Amino acid sequence: MKQKSYYLLLFFFIICMGSCNKDDLIQIFPGDNEKVIDVKMYDVGLKFYLQNEQGEPATTFKEGENFSICCSIENFRGTEFLMYDHFPPDEIGKVYKSDGSFVGEADGFPINWVGMPSIYYPERSHIGVFPWIRDDINKQCPLPPGNYYVGFTFRFDLSNTKDERYKNAVTDEMKFRIYFTVE
């Protein structure tokens, strides 16, 4: 009987651990039907995706093809809100090999945004598009064939508003990853 209780407790622990980790990590892989991470929280929408040279969301690219890292925040609230933790975080512009080794940072990523509060107005979308290779900067080279990922970790504090309904609008730390392939 004691052994049975032990196994039952272990089973519930494993189930709990699996469900806790699943909620804070949102991922897309090559071959998935979905190409865009699209999350809505506290009447704020977040989209995160890679875009090919034709302007379409994608997770597979041809060798030599340029791509862009895209993210947007849309305010569905009736009031504006201010986010002190700057979005997008500087981690978004970084590309890693699938083994976790750093490859480089997108030419088009605006590192000077870090530390500035962002105001999000009602019924507006704020979009950032960061090309891997930008013609006027051209520090990066096309990625060789292989498996890569982009992503970021962020805790959204959406509570800075005059609207009482959102006074506790804070998420746990969330992780977003897009895995992609260059063929």
# chains A, B, ... in the order shown; residues from 1 in each chain; ligands from 1
call {"tool": "residues_around", "arguments": {"residues": "Phe67 of chain A", "least_positions_apart": "2", "cutoff": "12 Å", "atoms": "only C-alpha atoms", "output": "ChimeraX atom specification"}}
result
/A:49-65,69-70,93,95,106-108,129-134,140-143,150,180-182
call {"tool": "write_last_selection", "arguments": {"atoms": "N, CA, C and O atoms", "output": "short mmCIF file (atom, residue, chain, number, x, y, z; two decimals), in the first residue's frame"}}
result
data_model
loop_
_atom_site.label_atom_id
_atom_site.label_comp_id
_atom_site.auth_asym_id
_atom_site.auth_seq_id
_atom_site.Cartn_x
_atom_site.Cartn_y
_atom_site.Cartn_z
N TYR A 49 7.12 36.17 -35.39
CA TYR A 49 7.31 35.26 -36.52
C TYR A 49 8.52 35.66 -37.35
O TYR A 49 9.06 36.76 -37.19
N LEU A 50 8.93 34.75 -38.23
CA LEU A 50 9.96 35.04 -39.23
C LEU A 50 9.26 35.25 -40.56
O LEU A 50 8.23 34.62 -40.84
N GLN A 51 9.84 36.11 -41.37
CA GLN A 51 9.22 36.47 -42.65
C GLN A 51 10.24 36.24 -43.76
O GLN A 51 11.40 36.64 -43.62
N ASN A 52 9.81 35.61 -44.85
CA ASN A 52 10.72 35.40 -45.98
C ASN A 52 10.80 36.67 -46.85
O ASN A 52 10.17 37.68 -46.54
N GLU A 53 11.56 36.59 -47.94
CA GLU A 53 11.75 37.76 -48.80
C GLU A 53 10.46 38.20 -49.49
O GLU A 53 10.35 39.34 -49.93
N GLN A 54 9.48 37.32 -49.57
CA GLN A 54 8.18 37.67 -50.17
C GLN A 54 7.23 38.29 -49.14
O GLN A 54 6.09 38.60 -49.45
N GLY A 55 7.67 38.43 -47.92
CA GLY A 55 6.84 39.02 -46.86
C GLY A 55 5.87 38.06 -46.20
O GLY A 55 4.95 38.49 -45.52
N GLU A 56 6.10 36.75 -46.36
CA GLU A 56 5.21 35.73 -45.80
C GLU A 56 5.86 35.09 -44.57
O GLU A 56 7.07 34.87 -44.56
N PRO A 57 5.06 34.74 -43.56
CA PRO A 57 5.61 34.01 -42.43
C PRO A 57 6.18 32.66 -42.89
O PRO A 57 5.56 31.98 -43.73
N ALA A 58 7.36 32.29 -42.39
CA ALA A 58 8.01 31.05 -42.82
C ALA A 58 8.94 30.53 -41.74
O ALA A 58 9.39 31.28 -40.87
N THR A 59 9.25 29.22 -41.80
CA THR A 59 10.23 28.61 -40.92
C THR A 59 11.27 27.82 -41.71
O THR A 59 12.15 27.21 -41.12
N THR A 60 11.18 27.84 -43.03
CA THR A 60 12.17 27.20 -43.89
C THR A 60 12.58 28.21 -44.96
O THR A 60 11.73 28.83 -45.60
N PHE A 61 13.90 28.35 -45.12
CA PHE A 61 14.45 29.32 -46.07
C PHE A 61 15.47 28.62 -46.96
O PHE A 61 16.12 27.66 -46.54
N LYS A 62 15.66 29.15 -48.15
CA LYS A 62 16.66 28.61 -49.07
C LYS A 62 18.01 29.24 -48.74
O LYS A 62 18.07 30.37 -48.25
N GLU A 63 19.08 28.53 -49.04
CA GLU A 63 20.42 29.06 -48.80
C GLU A 63 20.58 30.39 -49.55
O GLU A 63 20.20 30.51 -50.72
N GLY A 64 21.07 31.40 -48.86
CA GLY A 64 21.26 32.73 -49.46
C GLY A 64 20.07 33.65 -49.32
O GLY A 64 20.18 34.86 -49.56
N GLU A 65 18.92 33.12 -48.93
CA GLU A 65 17.72 33.94 -48.79
C GLU A 65 17.78 34.77 -47.51
O GLU A 65 18.18 34.29 -46.46
N ILE A 69 13.03 39.13 -38.76
CA ILE A 69 12.44 38.76 -37.47
C ILE A 69 11.36 39.80 -37.18
O ILE A 69 11.65 41.00 -37.18
N CYS A 70 10.14 39.36 -36.99
CA CYS A 70 9.01 40.28 -36.86
C CYS A 70 8.30 40.08 -35.52
O CYS A 70 8.13 38.95 -35.06
N GLY A 93 16.57 40.06 -31.54
CA GLY A 93 17.41 40.21 -32.72
C GLY A 93 18.52 39.18 -32.85
O GLY A 93 19.26 39.20 -33.83
N VAL A 95 20.28 35.40 -33.29
CA VAL A 95 20.06 34.10 -33.93
C VAL A 95 21.06 33.12 -33.35
O VAL A 95 22.24 33.44 -33.17
N ALA A 106 20.70 40.41 -35.87
CA ALA A 106 20.16 40.96 -37.11
C ALA A 106 20.67 42.38 -37.35
O ALA A 106 20.75 43.18 -36.42
N ASP A 107 21.03 42.67 -38.60
CA ASP A 107 21.49 44.01 -38.96
C ASP A 107 20.46 45.07 -38.61
O ASP A 107 20.80 46.17 -38.23
N GLY A 108 19.20 44.73 -38.74
CA GLY A 108 18.15 45.72 -38.56
C GLY A 108 17.63 45.86 -37.15
O GLY A 108 16.65 46.55 -36.93
N VAL A 129 10.04 45.08 -37.56
CA VAL A 129 10.54 44.15 -38.56
C VAL A 129 12.06 44.36 -38.61
O VAL A 129 12.53 45.45 -38.92
N PHE A 130 12.80 43.29 -38.31
CA PHE A 130 14.25 43.39 -38.20
C PHE A 130 14.90 42.43 -39.19
O PHE A 130 15.00 41.23 -38.94
N PRO A 131 15.38 42.94 -40.35
CA PRO A 131 15.99 42.06 -41.34
C PRO A 131 17.33 41.50 -40.86
O PRO A 131 18.09 42.20 -40.20
N TRP A 132 17.60 40.25 -41.23
CA TRP A 132 18.88 39.65 -40.90
C TRP A 132 20.00 40.42 -41.60
O TRP A 132 21.01 40.77 -41.01
N ILE A 133 19.81 40.71 -42.89
CA ILE A 133 20.78 41.51 -43.65
C ILE A 133 20.08 42.76 -44.15
O ILE A 133 19.08 42.67 -44.86
N ARG A 134 20.59 43.90 -43.75
CA ARG A 134 20.04 45.17 -44.22
C ARG A 134 21.05 45.81 -45.15
O ARG A 134 22.24 45.92 -44.82
N GLN A 140 25.99 41.33 -41.54
CA GLN A 140 25.72 39.89 -41.56
C GLN A 140 25.84 39.31 -42.96
O GLN A 140 25.67 40.02 -43.96
N CYS A 141 26.12 38.03 -43.01
CA CYS A 141 26.15 37.26 -44.25
C CYS A 141 24.96 36.32 -44.26
O CYS A 141 24.42 36.01 -43.19
N PRO A 142 24.55 35.84 -45.43
CA PRO A 142 23.48 34.84 -45.45
C PRO A 142 23.86 33.64 -44.58
O PRO A 142 25.03 33.27 -44.51
N LEU A 143 22.88 33.05 -43.95
CA LEU A 143 23.14 31.88 -43.10
C LEU A 143 23.40 30.65 -43.97
O LEU A 143 22.69 30.42 -44.96
N VAL A 150 15.40 31.62 -33.10
CA VAL A 150 15.33 32.96 -32.53
C VAL A 150 14.33 32.89 -31.39
O VAL A 150 13.49 32.00 -31.35
N PHE A 180 14.00 27.32 -37.02
CA PHE A 180 13.90 27.40 -38.47
C PHE A 180 15.08 26.70 -39.14
O PHE A 180 16.10 26.44 -38.50
N THR A 181 14.90 26.43 -40.42
CA THR A 181 15.90 25.70 -41.20
C THR A 181 16.30 26.51 -42.42
O THR A 181 15.45 27.14 -43.07
N VAL A 182 17.58 26.47 -42.73
CA VAL A 182 18.09 27.00 -44.00
C VAL A 182 18.53 25.78 -44.80
O VAL A 182 19.36 24.99 -44.33
#
call {"tool": "closest_residue", "arguments": {"among": "A:Asp43, A:Glu74, A:Glu183, A:Asp24", "to": "Gly128 of chain A", "atoms": "only C-alpha atoms"}}
result
A:Glu74
call {"tool": "residues_around", "arguments": {"residues": "Val103 of chain A", "least_positions_apart": "2", "cutoff": "9 Å", "atoms": "only C-alpha atoms", "output": "list in words"}}
result
Lys94, Val95, Tyr96, Lys97, Ser101, Glu105, Leu143 and Tyr148 of chain A
call {"tool": "write_last_selection", "arguments": {"atoms": "N, CA and C atoms", "output": "PDB file, in the first residue's frame"}}
result
ATOM      1  N   LYS A  94      18.657  38.272 -31.909  1.00  0.00           N
ATOM      2  CA  LYS A  94      19.766  37.319 -31.913  1.00  0.00           C
ATOM      3  C   LYS A  94      19.357  35.979 -32.509  1.00  0.00           C
ATOM      4  N   VAL A  95      20.281  35.402 -33.294  1.00  0.00           N
ATOM      5  CA  VAL A  95      20.062  34.105 -33.935  1.00  0.00           C
ATOM      6  C   VAL A  95      21.064  33.116 -33.351  1.00  0.00           C
ATOM      7  N   TYR A  96      20.565  31.901 -33.076  1.00  0.00           N
ATOM      8  CA  TYR A  96      21.388  30.836 -32.497  1.00  0.00           C
ATOM      9  C   TYR A  96      21.285  29.588 -33.366  1.00  0.00           C
ATOM     10  N   LYS A  97      22.363  28.791 -33.379  1.00  0.00           N
ATOM     11  CA  LYS A  97      22.285  27.461 -33.980  1.00  0.00           C
ATOM     12  C   LYS A  97      21.425  26.598 -33.068  1.00  0.00           C
ATOM     13  N   SER A 101      24.555  27.670 -29.758  1.00  0.00           N
ATOM     14  CA  SER A 101      25.688  28.583 -29.974  1.00  0.00           C
ATOM     15  C   SER A 101      25.221  29.828 -30.741  1.00  0.00           C
ATOM     16  N   GLU A 105      23.608  38.879 -34.573  1.00  0.00           N
ATOM     17  CA  GLU A 105      22.433  39.718 -34.340  1.00  0.00           C
ATOM     18  C   GLU A 105      22.002  40.351 -35.660  1.00  0.00           C
ATOM     19  N   LEU A 143      22.880  33.047 -43.946  1.00  0.00           N
ATOM     20  CA  LEU A 143      23.135  31.879 -43.104  1.00  0.00           C
ATOM     21  C   LEU A 143      23.398  30.652 -43.967  1.00  0.00           C
ATOM     22  N   TYR A 148      18.430  26.503 -36.898  1.00  0.00           N
ATOM     23  CA  TYR A 148      18.630  27.690 -36.078  1.00  0.00           C
ATOM     24  C   TYR A 148      17.383  27.983 -35.257  1.00  0.00           C
TER      25      TYR A 148
END
call {"tool": "residues_around", "arguments": {"residues": "Val39 of chain A", "least_positions_apart": "6", "cutoff": "10 Å", "atoms": "only C-alpha atoms", "output": "mmCIF file with N, CA and C atoms, in the first residue's frame"}}
result
data_model
loop_
_atom_site.group_PDB
_atom_site.id
_atom_site.type_symbol
_atom_site.label_atom_id
_atom_site.label_comp_id
_atom_site.auth_asym_id
_atom_site.auth_seq_id
_atom_site.Cartn_x
_atom_site.Cartn_y
_atom_site.Cartn_z
ATOM 1 N N ILE A 26 6.445 28.784 -25.491
ATOM 2 C CA ILE A 26 5.652 28.732 -26.716
ATOM 3 C C ILE A 26 6.634 28.611 -27.870
ATOM 4 N N GLY A 45 -2.452 41.840 -27.703
ATOM 5 C CA GLY A 45 -2.044 40.764 -28.593
ATOM 6 C C GLY A 45 -0.567 40.840 -28.909
ATOM 7 N N LEU A 46 0.087 39.694 -28.972
ATOM 8 C CA LEU A 46 1.490 39.596 -29.353
ATOM 9 C C LEU A 46 1.596 38.654 -30.538
ATOM 10 N N LYS A 47 2.314 39.077 -31.569
ATOM 11 C CA LYS A 47 2.634 38.206 -32.698
ATOM 12 C C LYS A 47 4.152 38.206 -32.857
ATOM 13 N N PHE A 48 4.705 37.013 -33.098
ATOM 14 C CA PHE A 48 6.138 36.844 -33.259
ATOM 15 C C PHE A 48 6.344 35.814 -34.359
ATOM 16 N N ILE A 73 2.855 44.212 -31.157
ATOM 17 C CA ILE A 73 1.960 44.267 -30.003
ATOM 18 C C ILE A 73 0.747 45.072 -30.451
#
